[in-house]
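Q: Here's a structure for you.
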Protein chains: 2
Amino acid sequence: MRALANKLTNLRSGFGLPLALLTGVVLQSCGGDKAGSSQASGVAEDAAAAVYVPPGQHDELYSFLSGGFNGQVSVYGIPSGRLLKVIPVFTQQAENGYGYNEETKPMLMTSHGFVPWDDLHHPKLSRTDGMADGRWLFANGNNTPRVARVDLKTFETVEIMEIPNSAGNHCSPYPTNNNEYILAGTRFSVPIDMEKGGMGDASLDEYEEKFRGSISFIKVDKDNGDMELDFQVLVPGFDYDLANGGKGPSEDWVFFTTYNTERAGTLKELGASQNDKDYLAAINWKLAAKYAAEGKAHEMPANYYHNKLDHGTHTAKSTIKKTVRYLLPEECPGMMYLIPAPKSPHGIDVDPTGEYMVVNGKLASSLPVFSFSKMQKAIENKDFDGEVNGIPVFKYESVLYGEVKEPGLGPLHTEFDNKGNGYSTMFVSSEVVKWNVKDLKVLDRMPVYYSPGHLMIPGGDTKDPYGKYMVVMNKITKDRYLPTGPELLHSAQLIDISGDKMRMLLDFPTLAEPHYAQAIVADKVAPNSVKFYKLDENTHPEAVKSEKDVKVTRQGRTVKVNMTSIRSHFAPDNIEGVQVGDTVIFHVTNLEQDWDVPHGFAVMGANNAETLIMPGATQSLRWVPKQAGVYPFYCTDFCSALHQEMQGYVRVSPRGSNVPIKFSTGKPKPVPPAQASVN
Amino acid sequence: MRALANKLTNLRSGFGLPLALLTGVVLQSCGGDKAGSSQASGVAEDAAAAVYVPPGQHDELYSFLSGGFNGQVSVYGIPSGRLLKVIPVFTQQAENGYGYNEETKPMLMTSHGFVPWDDLHHPKLSRTDGMADGRWLFANGNNTPRVARVDLKTFETVEIMEIPNSAGNHCSPYPTNNNEYILAGTRFSVPIDMEKGGMGDASLDEYEEKFRGSISFIKVDKDNGDMELDFQVLVPGFDYDLANGGKGPSEDWVFFTTYNTERAGTLKELGASQNDKDYLAAINWKLAAKYAAEGKAHEMPANYYHNKLDHGTHTAKSTIKKTVRYLLPEECPGMMYLIPAPKSPHGIDVDPTGEYMVVNGKLASSLPVFSFSKMQKAIENKDFDGEVNGIPVFKYESVLYGEVKEPGLGPLHTEFDNKGNGYSTMFVSSEVVKWNVKDLKVLDRMPVYYSPGHLMIPGGDTKDPYGKYMVVMNKITKDRYLPTGPELLHSAQLIDISGDKMRMLLDFPTLAEPHYAQAIVADKVAPNSVKFYKLDENTHPEAVKSEKDVKVTRQGRTVKVNMTSIRSHFAPDNIEGVQVGDTVIFHVTNLEQDWDVPHGFAVMGANNAETLIMPGATQSLRWVPKQAGVYPFYCTDFCSALHQEMQGYVRVSPRGSNVPIKFSTGKPKPVPPAQASVN
């Protein structure tokens, strides 16, 4: 196998080149056979080769799939469809202690207290000049409104900001072309109390008068990625569903689909489906920022958490923010317009040129494509048909470029390749439809299983899509894989879009529910990937960097253990003097300085998870023992041939006992006599 | 693609037949090319075809990999290496509410309180006549000693039993050939207080005198799988590492490796590596059961939890057990023996015939194979060399069949194929070594990356292995996949063992740390897989089975919401009259009666997860709102084209307000006037 790997390496021109290019040659050389009786298996074999990444080789692309109701981000390799990692973002992950250990608990703090879960919908890569740059990944928490930032050097969540005056932070987070802003829109409108701040106590009967939506403008620091809520735009009390932004000529603009413009406060299934048209909201974000800078913003009280991971201590800290600025569209002419769109639209997608905005009307029989240049002209000509809360509404025809006729049933989302084509998912008719953006003609259809939601083409929402692959994220799985009882993973399909016709390559199950994904070529991320943390950059106040400095100290009813781990022992590994009901905090510093040598730390009976400590880092676990006894702790991540021996004990004596604090870093007793006489 | 799928279906003789059989033909027909310049890619292409499962087809085998420090079981399809499901067992899983909602919280209760995590090492399939029967999967919690049972009809954890007098429940759970018992051995010894029960408060200096191990005998009900702790055997204060049981002639026996027979209480890395030999403990479980039945067992106080999921209510209930019976080996002649084994042995594996016991001595340079028939003779002849705590120790040579010489460095585990061969992992030299069980000759070597721990051949620990595939679970990942920062998934490799030489097929990353796995052919599990729960079998006391019965009731400061979900609305969807500080409990019944239509339920700001409700089931979420406001709740699992509309609100008024309890099942308001005049 080594020989094969070497041969393959020699044959390959570079990192990530897929085997398909090689096997293409092989298959051509026996094309005669393929055309014969085994054509079907030949096609399947071709697909097999296209997705196979031989042992020792790497995938061509990273793809970041939202975990939906698991609250995390899943990283899958493309084209293999292999799960490479789950990044904990909004949800506790006992596996590495995220949200359980003392360092990461603050990351999940909100104005509602500790919220250990969220519903993560849209991962969005940071951008430089409109292209994914591989620095950060932003993602929304849909349920308790939050926006997170993952650092792609470490694949860690380093920042989570709560969004005030929002409920169901769904059309979020949209980064502008240089991350000037991350835009985050509310899905559900709520009564916003501008006097006291936050949600007011309103009756649901007062929906129409009192409920409002908000769109948050979050500034991103160019150098370190830190977010800051600059201001919000308070918008009519519709439901705001999805967002996407302009490029090129339209790059100052961002677009939001709305539904429930009926402002139904109950049974939206019917109540929000009555109007024949809802709206696409168009916001000039640059003008909004200008208005905010020029003093048009009001201020109201607020109460929201902003949690950041400190680099040196590797510890999250929360800051509570107390005010928020806001703009009212009626006071900001030219900032916001409404485009009539087919009933209850879902996705809004802007093509790579920035000229065409596609609205995916889930209940509509055609796919309207709006023109940015016509929109500009309509603004100039005031080609309006009334207004809503002071926001001008365009005439439908004045901004429409054209419609893709009968694309399929239940259009939800569109992405684009690098050859002028759009690809739209049809939820109801379970297919992806390829169409030409210029002439709006349908070019190809591919059945997908079942009920596709989002689809993703690497770079498909940027000005220069990578093309080549498409991942379709299906909502219904049923019989696609071996059955696993009533609860099934969701189902993605990988499709080759390099040719005129789409070619199905692979079904792969995905964790929880991916709502969207983004992908990026490996060499924009892999070379910057951190392998371990440098021990001498560890500024955690409880870190000990040498075994000689380990200690166990008592202060009142708290016992603090400052300890180390290195293959294959903890220091100290024997601790006495803890009493029932004490709060014991283990601060474990992993002294290793090499890649892939984490140590795990767990203590029996703790009402807590383990914590997984990366080389060079310090992590802390809290434990309140309830019964006397001698409790083992051990390394939970197999680290060496003597991993099973990497273990210690804490003696817990009854409350009030006089066993003093005592610890040892371990000296083996002398060799005992011959084994058979151990008795 | 549909055409291709049809063609493939026609070509295939049945469910799960891998593409390899087809492509084998194709490849042979162009063998001339393969022998030419592109041999390397031909081999890789062959491997690609061998692991590729075309869209619409199913994997051949289910494999159940332990999640190790994530506390769960991962289900991977073989040969594709695709993750099909994560089964929550010992760890909270916010994704579906396991350990967060009211129904499943009791599952994680222990004598130490709620323990939301564990370290799951060994999944073991239930057996009938020594063969995996696909009914249940047993698994151990290593940290806070527990044994769980997963029902493979639903892929749900239905039972968790705490193990008293144990610490580090590692050599666990070993099912005998008809699940008469599940055996669970302690890894770490602890002071056992036989007067008061449980762990005593002993100094670590008293290790040699006061610390003991235990092996638990858990009975399994033949019909419903329910577990019951029958008795324990208290054993010398060693560390007990791994277990495996006999077959055929040896089926009354079970074997445990031990280390730290030095009884070092500190720095085991050195202290437990001093003796040249440790032991393999052999226990006659049938005789032990007989002794226990015949009154040899003592009884001591205990305090351990036994948690079971009730079928009808789909709710876990805890029972607290207060005594445990135990046997002392010194009082039970013939029940337990010790076999000297190479220093600090790890895995113990018994070959399919039941005659050969392989001890994997991680620090040894050879692999000793013991003979069961020689052991029987040695018992007869009293061929002993002393004793430990009254337990006879065999002479090494009297039970040794022979040694595999220089197999590699750091042998950890062995499994067997159906042709008389063993396959052993070498942790240090990073390879798998194939050897013949009869003549002990090494037949083949395969480098694996890096540092393999367990390996798994489907059925490889039964009397009739399936053979064909081998999964090697590696402990170090490093550069095998695209890098994901300091924290990496572990790495498995799939190897074809059908030929004389092993053939590497696939690298696939695995969640957390798989310590062991078992696999079973799909048709032993898939046909029994439940698709949904029948609503009329739902006996949950808070279930409502019709929208007309939904209600919201207040009792003191608790507000109970008995509600329903069905595409695409909740009933009720508007709730008023909740006050800040109330405890609100949502009992949601999913009225759907079809496969793959779960609804998720989440409420903004809850200090809790979501809960995912399978069709026909009822699940309950607790929420204590902290601030006044109007809180949205919504369905978190995309269920229909109108999923985005499946939403409601709860109004939370300030404490002491006089808003009465009020709820509505939703009537849309009349169609509003034309959209542009909504203002």
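Residue names in the structure tokens use chain letters A, B, ... in the order shown, residue numbers from 1 in each chain, and ligand numbers from 1 in the order shown.
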Quick one: residues within 12 Å of B:Pro541, only C-alpha atoms counted, chain neighbours fewer than 5 positions away excluded, as a CSV table (one decimal) with N, CA and C atoms, in the first residue's frame?
A:
```
chain,number,residue,atom,x,y,z
B,103,GLU,N,-38.4,13.4,29.4
B,103,GLU,CA,-38.5,11.9,29.2
B,103,GLU,C,-37.2,11.2,29.3
B,312,GLY,N,-44.5,2.3,26.3
B,312,GLY,CA,-45.7,3.0,26.0
B,312,GLY,C,-45.6,4.5,26.2
B,313,THR,N,-45.0,4.9,27.3
B,313,THR,CA,-44.9,6.4,27.6
B,313,THR,C,-43.6,7.0,26.9
B,314,HIS,N,-42.8,6.1,26.5
B,314,HIS,CA,-41.5,6.5,25.9
B,314,HIS,C,-40.8,7.4,26.9
B,315,THR,N,-40.8,7.0,28.1
B,315,THR,CA,-40.2,7.8,29.2
B,315,THR,C,-39.3,7.0,30.1
B,562,ASN,N,-50.3,21.2,26.9
B,562,ASN,CA,-50.5,19.9,26.2
B,562,ASN,C,-50.8,20.2,24.8
B,587,HIS,N,-45.7,19.8,26.6
B,587,HIS,CA,-45.8,18.4,26.3
B,587,HIS,C,-46.2,18.3,24.8
B,588,VAL,N,-45.4,18.0,23.9
B,588,VAL,CA,-45.7,18.0,22.5
B,588,VAL,C,-45.9,16.6,22.0
B,589,THR,N,-47.1,16.4,21.4
B,589,THR,CA,-47.4,15.1,20.8
B,589,THR,C,-47.3,15.3,19.3
B,617,ALA,N,-45.0,10.0,19.1
B,617,ALA,CA,-44.4,10.1,20.4
B,617,ALA,C,-44.8,11.5,21.0
B,618,THR,N,-44.6,11.5,22.4
B,618,THR,CA,-44.8,12.8,23.1
B,618,THR,C,-43.5,13.1,23.8
B,619,GLN,N,-43.0,14.3,23.7
B,619,GLN,CA,-41.8,14.7,24.5
B,619,GLN,C,-42.1,16.1,25.1
B,620,SER,N,-41.3,16.3,26.2
B,620,SER,CA,-41.6,17.4,27.1
B,620,SER,C,-40.4,18.3,27.4
```
Q: Give me every strand (DSSP E) residue in stretch 74-306 of chain A, going by DSSP on the backbone, as a PyMOL selection string.
A: chain A and resi 74-78+83-87+109-110+113-114+124-128+131-141+146-151+156-162+171-175+181-185+190-191+211-220+227-235+239-245+253-259+277-284+298-306
Q: Quick one: residues within 8 Å of B:Met646, only C-alpha atoms, excluding same-chain residues fewer than 4 positions away - as a list in words?
A: Leu267, Lys268 and Glu269 of chain A; Arg567, Ser568, His569, Phe570, Tyr634, Cys635 and Leu642 of chain B
Q: Between A:Trp435, A:Tyr466, A:Phe394, A:Trp253, which residue has the minimum interatomic distance to chain B, considering only C-alpha atoms?
A: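 Of all the options, A:Phe394 lies closest to chain B.
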Q: Could you please determine the separation between atom CA of B:Val652 and atom CA of B:Gly629 in Å, to one decimal place?
A: 5.3 Å
Q: Expressed in Å to a single decimal, how great is the separation between atom CA of B:Ile391 and atom CA of B:Glu208?
A: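 Pair atom CA of B:Ile391 / atom CA of B:Glu208 returns 16.5 Å.
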Q: Contacts of stretch 509-520 of chain B at 6 Å or less, counting only C-alpha atoms, minus same-chain residues fewer than 2 places along, as a list in words?
A: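 Residues meeting the cut-off are Leu61, Tyr62, Ser63, Phe64, Leu65, Ser66, Gly67, Gly68, Asn70, His121, His122, Pro123, His454, Pro458, Leu489, His490, Ser491 and Ala492 of chain B.
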Q: If you run DSSP on the backbone, which residues of stretch 313-515 of chain B are alpha helix (DSSP H), as a list of chain:residue names?
A: B:Phe372, B:Ser373, B:Lys374, B:Met375, B:Gln376, B:Lys377, B:Ala378, B:Ile379, B:Glu380, B:Tyr396, B:Glu397, B:Ser398, B:Val399
Q: Could you write those residues out with all heavy atoms, as a compact mmCIF listing (two decimals), in the first residue's frame?
A:
```txt
# COMPACT_ATOMS: atom_id res chain seq x y z
N PHE B 372 -7.00 -23.81 25.58
CA PHE B 372 -8.04 -24.10 26.54
C PHE B 372 -7.96 -25.55 27.01
O PHE B 372 -8.13 -25.84 28.20
CB PHE B 372 -9.42 -23.81 25.95
CG PHE B 372 -10.52 -24.09 26.93
CD1 PHE B 372 -10.74 -23.24 28.01
CD2 PHE B 372 -11.32 -25.22 26.82
CE1 PHE B 372 -11.73 -23.50 28.94
CE2 PHE B 372 -12.32 -25.50 27.76
CZ PHE B 372 -12.52 -24.63 28.81
N SER B 373 -7.65 -26.46 26.07
CA SER B 373 -7.60 -27.87 26.50
C SER B 373 -6.41 -28.09 27.45
O SER B 373 -6.52 -28.84 28.42
CB SER B 373 -7.57 -28.80 25.29
OG SER B 373 -6.55 -28.41 24.40
N LYS B 374 -5.31 -27.41 27.19
CA LYS B 374 -4.18 -27.53 28.13
C LYS B 374 -4.55 -26.94 29.50
O LYS B 374 -4.15 -27.45 30.54
CB LYS B 374 -2.94 -26.81 27.57
CG LYS B 374 -2.22 -27.61 26.47
CD LYS B 374 -0.91 -26.97 26.03
CE LYS B 374 0.25 -27.27 26.97
NZ LYS B 374 1.54 -26.79 26.41
N MET B 375 -5.33 -25.87 29.47
CA MET B 375 -5.77 -25.29 30.73
C MET B 375 -6.64 -26.29 31.51
O MET B 375 -6.48 -26.45 32.72
CB MET B 375 -6.54 -23.99 30.47
CG MET B 375 -6.93 -23.25 31.75
SD MET B 375 -7.92 -21.75 31.44
CE MET B 375 -9.54 -22.32 31.95
N GLN B 376 -7.50 -26.99 30.80
CA GLN B 376 -8.34 -27.98 31.46
C GLN B 376 -7.48 -29.07 32.09
O GLN B 376 -7.73 -29.49 33.22
CB GLN B 376 -9.31 -28.61 30.43
CG GLN B 376 -10.38 -27.66 29.90
CD GLN B 376 -11.29 -27.13 31.00
OE1 GLN B 376 -10.97 -26.15 31.68
NE2 GLN B 376 -12.42 -27.82 31.20
N LYS B 377 -6.46 -29.46 31.34
CA LYS B 377 -5.55 -30.49 31.87
C LYS B 377 -4.78 -29.98 33.07
O LYS B 377 -4.58 -30.70 34.06
CB LYS B 377 -4.56 -30.92 30.79
CG LYS B 377 -5.11 -32.08 29.97
CD LYS B 377 -3.98 -32.86 29.28
CE LYS B 377 -4.60 -33.73 28.21
NZ LYS B 377 -4.54 -33.12 26.85
N ALA B 378 -4.35 -28.73 32.98
CA ALA B 378 -3.57 -28.15 34.08
C ALA B 378 -4.41 -28.05 35.35
O ALA B 378 -3.91 -28.21 36.47
CB ALA B 378 -3.03 -26.78 33.67
N ILE B 379 -5.71 -27.78 35.16
CA ILE B 379 -6.60 -27.76 36.32
C ILE B 379 -6.66 -29.15 36.93
O ILE B 379 -6.51 -29.33 38.15
CB ILE B 379 -8.02 -27.29 35.92
CG1 ILE B 379 -8.00 -25.81 35.53
CG2 ILE B 379 -9.02 -27.52 37.06
CD1 ILE B 379 -9.29 -25.27 34.93
N GLU B 380 -6.86 -30.13 36.05
CA GLU B 380 -6.94 -31.51 36.48
C GLU B 380 -5.68 -31.92 37.25
O GLU B 380 -5.73 -32.52 38.32
CB GLU B 380 -7.10 -32.37 35.23
CG GLU B 380 -7.82 -33.70 35.42
CD GLU B 380 -8.03 -34.35 34.05
OE1 GLU B 380 -8.73 -33.73 33.21
OE2 GLU B 380 -7.46 -35.43 33.81
N TYR B 396 3.13 -21.04 33.48
CA TYR B 396 3.02 -20.46 32.13
C TYR B 396 3.03 -21.55 31.07
O TYR B 396 2.16 -21.62 30.20
CB TYR B 396 4.18 -19.48 31.92
CG TYR B 396 4.18 -18.75 30.59
CD1 TYR B 396 3.22 -17.78 30.30
CD2 TYR B 396 5.17 -19.00 29.63
CE1 TYR B 396 3.24 -17.09 29.09
CE2 TYR B 396 5.21 -18.30 28.42
CZ TYR B 396 4.23 -17.36 28.17
OH TYR B 396 4.26 -16.67 26.97
N GLU B 397 4.01 -22.45 31.15
CA GLU B 397 4.18 -23.45 30.10
C GLU B 397 3.04 -24.47 30.09
O GLU B 397 2.73 -25.06 29.04
CB GLU B 397 5.51 -24.20 30.26
CG GLU B 397 6.74 -23.33 30.01
CD GLU B 397 7.01 -22.34 31.15
OE1 GLU B 397 6.48 -22.55 32.28
OE2 GLU B 397 7.71 -21.34 30.93
N SER B 398 2.41 -24.65 31.23
CA SER B 398 1.37 -25.69 31.29
C SER B 398 0.12 -25.31 30.51
O SER B 398 -0.69 -26.17 30.20
CB SER B 398 1.01 -26.00 32.75
OG SER B 398 0.29 -24.92 33.31
N VAL B 399 -0.05 -24.03 30.23
CA VAL B 399 -1.25 -23.61 29.51
C VAL B 399 -0.93 -22.97 28.15
O VAL B 399 -1.82 -22.68 27.37
CB VAL B 399 -2.10 -22.63 30.35
CG1 VAL B 399 -2.79 -23.37 31.49
CG2 VAL B 399 -1.25 -21.49 30.89
```
Q: Work out how far atom CA of A:Ala571 is from atom CA of A:Thr665, in Å to one decimal.
A: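 Interatomic distance, atom CA of A:Thr665 to atom CA of A:Ala571: 4.8 Å.
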Q: Would you mind listing what lies within 10 Å of A:Tyr450 as a PDB file with N, CA, C and O atoms, in the first residue's frame, with only C-alpha atoms counted and same-chain residues fewer than 2 positions away left out?
A:
```pdb
ATOM      1  N   MET A 426     -35.996  22.141  -6.224  1.00  0.00           N
ATOM      2  CA  MET A 426     -37.455  22.069  -6.247  1.00  0.00           C
ATOM      3  C   MET A 426     -37.859  21.111  -5.135  1.00  0.00           C
ATOM      4  O   MET A 426     -37.720  19.891  -5.278  1.00  0.00           O
ATOM      5  N   PHE A 427     -38.331  21.668  -4.026  1.00  0.00           N
ATOM      6  CA  PHE A 427     -38.654  20.868  -2.846  1.00  0.00           C
ATOM      7  C   PHE A 427     -39.741  19.840  -3.142  1.00  0.00           C
ATOM      8  O   PHE A 427     -39.627  18.668  -2.777  1.00  0.00           O
ATOM      9  N   VAL A 428     -40.783  20.274  -3.812  1.00  0.00           N
ATOM     10  CA  VAL A 428     -41.945  19.400  -3.975  1.00  0.00           C
ATOM     11  C   VAL A 428     -41.710  18.353  -5.058  1.00  0.00           C
ATOM     12  O   VAL A 428     -42.038  17.175  -4.884  1.00  0.00           O
ATOM     13  N   SER A 429     -41.106  18.760  -6.176  1.00  0.00           N
ATOM     14  CA  SER A 429     -40.889  17.771  -7.241  1.00  0.00           C
ATOM     15  C   SER A 429     -39.534  17.065  -7.108  1.00  0.00           C
ATOM     16  O   SER A 429     -39.161  16.278  -7.980  1.00  0.00           O
ATOM     17  N   SER A 430     -38.808  17.297  -5.998  1.00  0.00           N
ATOM     18  CA  SER A 430     -37.560  16.584  -5.683  1.00  0.00           C
ATOM     19  C   SER A 430     -36.580  16.546  -6.860  1.00  0.00           C
ATOM     20  O   SER A 430     -36.232  15.490  -7.382  1.00  0.00           O
ATOM     21  N   GLU A 431     -36.140  17.727  -7.274  1.00  0.00           N
ATOM     22  CA  GLU A 431     -35.170  17.779  -8.368  1.00  0.00           C
ATOM     23  C   GLU A 431     -34.364  19.071  -8.292  1.00  0.00           C
ATOM     24  O   GLU A 431     -34.735  20.016  -7.601  1.00  0.00           O
ATOM     25  N   PRO A 447     -33.117  14.397 -10.825  1.00  0.00           N
ATOM     26  CA  PRO A 447     -33.905  14.028  -9.648  1.00  0.00           C
ATOM     27  C   PRO A 447     -32.988  13.871  -8.429  1.00  0.00           C
ATOM     28  O   PRO A 447     -31.886  13.309  -8.550  1.00  0.00           O
ATOM     29  N   VAL A 448     -33.420  14.361  -7.309  1.00  0.00           N
ATOM     30  CA  VAL A 448     -32.654  14.213  -6.060  1.00  0.00           C
ATOM     31  C   VAL A 448     -33.601  13.699  -4.987  1.00  0.00           C
ATOM     32  O   VAL A 448     -34.820  13.885  -5.090  1.00  0.00           O
ATOM     33  N   PRO A 452     -35.307  18.469  -1.759  1.00  0.00           N
ATOM     34  CA  PRO A 452     -34.107  19.260  -1.498  1.00  0.00           C
ATOM     35  C   PRO A 452     -34.443  20.618  -0.898  1.00  0.00           C
ATOM     36  O   PRO A 452     -35.448  21.237  -1.260  1.00  0.00           O
ATOM     37  N   GLY A 453     -33.601  21.065   0.016  1.00  0.00           N
ATOM     38  CA  GLY A 453     -33.701  22.416   0.567  1.00  0.00           C
ATOM     39  C   GLY A 453     -32.634  23.260  -0.104  1.00  0.00           C
ATOM     40  O   GLY A 453     -32.728  23.564  -1.286  1.00  0.00           O
ATOM     41  N   MET A 473     -28.716  19.405  -0.414  1.00  0.00           N
ATOM     42  CA  MET A 473     -29.054  18.975   0.943  1.00  0.00           C
ATOM     43  C   MET A 473     -30.550  18.678   1.010  1.00  0.00           C
ATOM     44  O   MET A 473     -31.366  19.589   0.902  1.00  0.00           O
ATOM     45  N   ASN A 474     -30.846  17.396   1.154  1.00  0.00           N
ATOM     46  CA  ASN A 474     -32.235  16.950   1.086  1.00  0.00           C
ATOM     47  C   ASN A 474     -32.869  16.900   2.465  1.00  0.00           C
ATOM     48  O   ASN A 474     -32.210  16.595   3.454  1.00  0.00           O
ATOM     49  N   LYS A 475     -34.163  17.177   2.497  1.00  0.00           N
ATOM     50  CA  LYS A 475     -34.870  17.269   3.775  1.00  0.00           C
ATOM     51  C   LYS A 475     -35.463  15.936   4.212  1.00  0.00           C
ATOM     52  O   LYS A 475     -35.729  15.737   5.386  1.00  0.00           O
ATOM     53  N   ILE A 476     -35.733  15.059   3.291  1.00  0.00           N
ATOM     54  CA  ILE A 476     -36.330  13.761   3.642  1.00  0.00           C
ATOM     55  C   ILE A 476     -35.337  12.671   3.246  1.00  0.00           C
ATOM     56  O   ILE A 476     -34.795  12.685   2.133  1.00  0.00           O
ATOM     57  N   THR A 477     -35.103  11.728   4.130  1.00  0.00           N
ATOM     58  CA  THR A 477     -34.096  10.691   3.886  1.00  0.00           C
ATOM     59  C   THR A 477     -34.738   9.350   3.563  1.00  0.00           C
ATOM     60  O   THR A 477     -34.360   8.674   2.612  1.00  0.00           O
ATOM     61  N   LYS A 478     -35.710   8.971   4.375  1.00  0.00           N
ATOM     62  CA  LYS A 478     -36.406   7.679   4.227  1.00  0.00           C
ATOM     63  C   LYS A 478     -35.482   6.517   3.903  1.00  0.00           C
ATOM     64  O   LYS A 478     -34.638   6.165   4.703  1.00  0.00           O
ATOM     65  N   ASP A 479     -35.576   5.990   2.711  1.00  0.00           N
ATOM     66  CA  ASP A 479     -34.922   4.715   2.394  1.00  0.00           C
ATOM     67  C   ASP A 479     -33.562   4.854   1.716  1.00  0.00           C
ATOM     68  O   ASP A 479     -33.066   3.903   1.132  1.00  0.00           O
ATOM     69  N   ARG A 480     -32.951   6.023   1.805  1.00  0.00           N
ATOM     70  CA  ARG A 480     -31.694   6.227   1.074  1.00  0.00           C
ATOM     71  C   ARG A 480     -30.530   5.436   1.641  1.00  0.00           C
ATOM     72  O   ARG A 480     -29.545   5.189   0.956  1.00  0.00           O
ATOM     73  N   HIS A 490     -29.986  13.317   7.851  1.00  0.00           N
ATOM     74  CA  HIS A 490     -30.420  13.894   6.582  1.00  0.00           C
ATOM     75  C   HIS A 490     -29.500  13.382   5.478  1.00  0.00           C
ATOM     76  O   HIS A 490     -28.514  12.705   5.726  1.00  0.00           O
ATOM     77  N   SER A 491     -29.848  13.722   4.264  1.00  0.00           N
ATOM     78  CA  SER A 491     -29.207  13.088   3.131  1.00  0.00           C
ATOM     79  C   SER A 491     -28.728  14.131   2.131  1.00  0.00           C
ATOM     80  O   SER A 491     -29.505  14.947   1.647  1.00  0.00           O
ATOM     81  N   ALA A 492     -27.436  14.100   1.852  1.00  0.00           N
ATOM     82  CA  ALA A 492     -26.893  15.016   0.846  1.00  0.00           C
ATOM     83  C   ALA A 492     -26.537  14.224  -0.398  1.00  0.00           C
ATOM     84  O   ALA A 492     -26.305  13.015  -0.344  1.00  0.00           O
TER      85      ALA A 492
END
```
